[in-house]
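In what follows, a single structure is set out as structure tokens and then discussed.
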Amino acid sequence: MSIELRDHSGIPIGYLVMALGWDPIRRWFRERDIDLNAAALLFRGEQLTDVVYHEQLESRDGSVRHHGDSTTGEGKGDNEIITVDLATVPAEVSTVLFLVTCYSGHTFAAVRNAFWRMVDGGSDTEISRHQLSGVAATGLVMGTVVRADGGWKFRNINEGIPAQHPVEAAPYLRQYLG
């Protein structure tokens with residue numbers, strides 16, 4: 001099910017924030033670092049045109065930005081943030097797909113307090129929030145933002161895939177486009 005990206009007064013949302021948070025794994029009285037990665041993949045139809053993640057912090061046009069890589073999950077709240085200025089996303093981009101992968105190879109079932117959320121960046125209102133802890137996969141397609149009827153719609157997906165890096169996820173993503 002898709003929802004139109006509009007605020008409470010019906011005005012289109014122009015700025016999205018996708019946030020990812022988690023805590024280190026605690027085993028035998030020790031904490032082990034776990035490296036989750038947030039990514040935004042931009043598509044024209046089914047063609048991947050750009051990727052924003054910890055190794056490329058900004059889309060070529062500057063409309064999508066990754067605000068820094070956390071390799072441990074240390075700290076409270078959001079550990080990685082991606083922002084999308086919907087007004088400046090190039091007209092040829094039809095879909096922005098949000099993905100989280102576990103670079104260190106753990107499934108989300110092993111990660112404590114893992115979550116992702118989508119936020120209206122103008123009002124700081126949560127549009128969607130989901131727990132990742134318990135998902136038996138190393139990758140998760142969180143959702144998509146799709147250009148439709150002159151605006152944007154958000155669709156929750158929350159499906160696990162076998163990928164530790166955004167490049168490994170590419171073959172699994174076609175089914176979530178559009």
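Following the order of the structure tokens, chains are lettered A, B, ..., residues in each are numbered from 1, and ligands are numbered from 1.
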
If we count only C-alpha atoms, what is near Ala136 in chain A at a cut-off of 7 Å, once residues fewer than 2 positions away on the same chain are taken out, given as a CSV table (one decimal) with N, CA, C and O atoms, in the first residue's frame?
```csv
chain,number,residue,atom,x,y,z
A,107,THR,N,23.0,-11.4,10.5
A,107,THR,CA,21.5,-11.2,10.2
A,107,THR,C,21.0,-10.2,11.2
A,107,THR,O,21.6,-10.0,12.3
A,108,PHE,N,19.9,-9.5,10.8
A,108,PHE,CA,19.3,-8.6,11.8
A,108,PHE,C,18.8,-9.2,13.0
A,108,PHE,O,18.6,-8.6,14.0
A,109,ALA,N,18.6,-10.6,13.0
A,109,ALA,CA,18.2,-11.3,14.2
A,109,ALA,C,19.2,-11.2,15.3
A,109,ALA,O,18.9,-11.3,16.5
A,134,GLY,N,15.4,-9.3,14.7
A,134,GLY,CA,14.6,-10.5,14.5
A,134,GLY,C,14.5,-10.9,13.0
A,134,GLY,O,14.1,-12.1,12.7
```

Write out, as JSON lines, each residue of range 86-172 of chain A that has an atom at most 6 Å from range 5-17 of chain A, together with the closest pair of atoms and their distance in Å to one decimal, counting only C-alpha atoms, rows going by chain and rising number.
```
{"residue": "A:Leu86", "atom": "CA", "partner": "A:Gly14", "partner_atom": "CA", "distance": 5.1}
{"residue": "A:Ala87", "atom": "CA", "partner": "A:Gly14", "partner_atom": "CA", "distance": 5.8}
{"residue": "A:Met118", "atom": "CA", "partner": "A:Val17", "partner_atom": "CA", "distance": 5.8}
{"residue": "A:Val119", "atom": "CA", "partner": "A:Val17", "partner_atom": "CA", "distance": 5.0}
{"residue": "A:Asp120", "atom": "CA", "partner": "A:Leu16", "partner_atom": "CA", "distance": 5.1}
{"residue": "A:Gly121", "atom": "CA", "partner": "A:Leu16", "partner_atom": "CA", "distance": 4.9}
{"residue": "A:Trp152", "atom": "CA", "partner": "A:Leu5", "partner_atom": "CA", "distance": 5.7}
{"residue": "A:Lys153", "atom": "CA", "partner": "A:Leu5", "partner_atom": "CA", "distance": 5.4}
```

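Selecting helix (DSSP H, G or I) from the backbone DSSP output for range 31-160 of chain A yields Leu86, Ala87, Thr88, Phe108, Ala109 and Ala110 of chain A.
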
- Task: For each of A:Val146, A:Ala40, A:Ala169, A:Met1, take the minimum atom-to-atom distance to Ser94 in chain A, counting only C-alpha atoms, then give the residue where this is smallest.
- Result: A:Val146

- Going by DSSP on the backbone, which bits of chain A are strand (DSSP E or B)? Write them as a ChimeraX atom specification, please. /A:2-4,6,12,15-23,25-27,30-32,36-44,47-53,56,58,64-66,80-85,95-102,112-120,125-131,139-148,151-161

- Of the residues A:Thr138, A:Asn37, A:Ser2, A:Thr95, which is the one nearest to His67 in chain A, using only C-alpha atoms?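 Closest residue, counting only C-alpha atoms: A:Asn37.
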
- Message: Let me make sure I understand: among A:Val51, A:Leu97, A:Met18, A:Leu132, which one has the smallest atom-to-atom distance to Val84 in chain A if we use only C-alpha atoms?
- Response: A:Met18

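Between Gly143 in chain A and the residues A:Leu41, A:Gln47, A:Arg112, A:Tyr103, the shortest atom-to-atom distance, using only C-alpha atoms, involves A:Leu41.
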
- Query: Using only C-alpha atoms, which residues sit within 8 Å of Arg117 in chain A once same-chain residues fewer than 6 positions away are excluded, as JSON, numbers by chain?
  - Reply: {"A": [18, 19, 20, 126, 127, 128, 129, 130]}

- Would you mind listing what lies within 9 Å of Asp50 in chain A as a PyMOL selection string, with only C-alpha atoms counted and same-chain residues fewer than 2 positions away left out? chain A and resi 40-43+48+52+59-60

Hey, can you spit out that residue selection with C-alpha atoms as a PDB file, in the first residue's frame?
```
ATOM      1  CA  ALA A  40      19.281   5.002  -1.276  1.00  0.00           C
ATOM      2  CA  LEU A  41      19.212   3.698  -4.852  1.00  0.00           C
ATOM      3  CA  LEU A  42      17.818   5.921  -7.605  1.00  0.00           C
ATOM      4  CA  PHE A  43      16.100   4.338 -10.612  1.00  0.00           C
ATOM      5  CA  LEU A  48      19.750   2.000 -11.671  1.00  0.00           C
ATOM      6  CA  VAL A  52      24.025   6.904  -2.156  1.00  0.00           C
ATOM      7  CA  SER A  59      24.025  11.656  -5.484  1.00  0.00           C
ATOM      8  CA  ARG A  60      25.574  13.219  -8.580  1.00  0.00           C
TER       9      ARG A  60
END
```

Set the distance at 6 Å and use only C-alpha atoms: which residues neighbour Ser63 in chain A once local chain neighbours fewer than 4 positions away are removed? I'd like the list as an mmCIF file with all heavy atoms, in the first residue's frame.
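Below you can see selection-v6.cif, which holds the result:
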```
data_model
loop_
_atom_site.group_PDB
_atom_site.id
_atom_site.type_symbol
_atom_site.label_atom_id
_atom_site.label_comp_id
_atom_site.auth_asym_id
_atom_site.auth_seq_id
_atom_site.Cartn_x
_atom_site.Cartn_y
_atom_site.Cartn_z
ATOM 1 N N VAL A 84 16.598 13.257 1.499
ATOM 2 C CA VAL A 84 16.195 13.372 0.099
ATOM 3 C C VAL A 84 15.416 14.668 -0.072
ATOM 4 O O VAL A 84 14.380 14.866 0.558
ATOM 5 C CB VAL A 84 15.309 12.186 -0.341
ATOM 6 C CG1 VAL A 84 14.935 12.309 -1.811
ATOM 7 C CG2 VAL A 84 15.991 10.853 -0.058
ATOM 8 N N ASP A 85 15.918 15.557 -0.923
ATOM 9 C CA ASP A 85 15.210 16.782 -1.292
ATOM 10 C C ASP A 85 14.371 16.444 -2.517
ATOM 11 O O ASP A 85 14.861 16.473 -3.651
ATOM 12 C CB ASP A 85 16.206 17.898 -1.581
ATOM 13 C CG ASP A 85 15.539 19.221 -1.891
ATOM 14 O OD1 ASP A 85 14.308 19.256 -2.106
ATOM 15 O OD2 ASP A 85 16.266 20.238 -1.939
ATOM 16 N N THR A 88 14.264 18.494 -5.761
ATOM 17 C CA THR A 88 15.417 18.585 -6.659
ATOM 18 C C THR A 88 15.846 17.252 -7.249
ATOM 19 O O THR A 88 16.829 17.197 -7.995
ATOM 20 C CB THR A 88 16.615 19.252 -5.950
ATOM 21 O OG1 THR A 88 17.018 18.440 -4.849
ATOM 22 C CG2 THR A 88 16.265 20.657 -5.472
ATOM 23 N N VAL A 89 15.126 16.169 -6.918
ATOM 24 C CA VAL A 89 15.426 14.874 -7.546
ATOM 25 C C VAL A 89 15.172 15.030 -9.046
ATOM 26 O O VAL A 89 14.116 15.528 -9.449
ATOM 27 C CB VAL A 89 14.546 13.748 -6.952
ATOM 28 C CG1 VAL A 89 14.731 12.457 -7.731
ATOM 29 C CG2 VAL A 89 14.880 13.537 -5.479
#
```
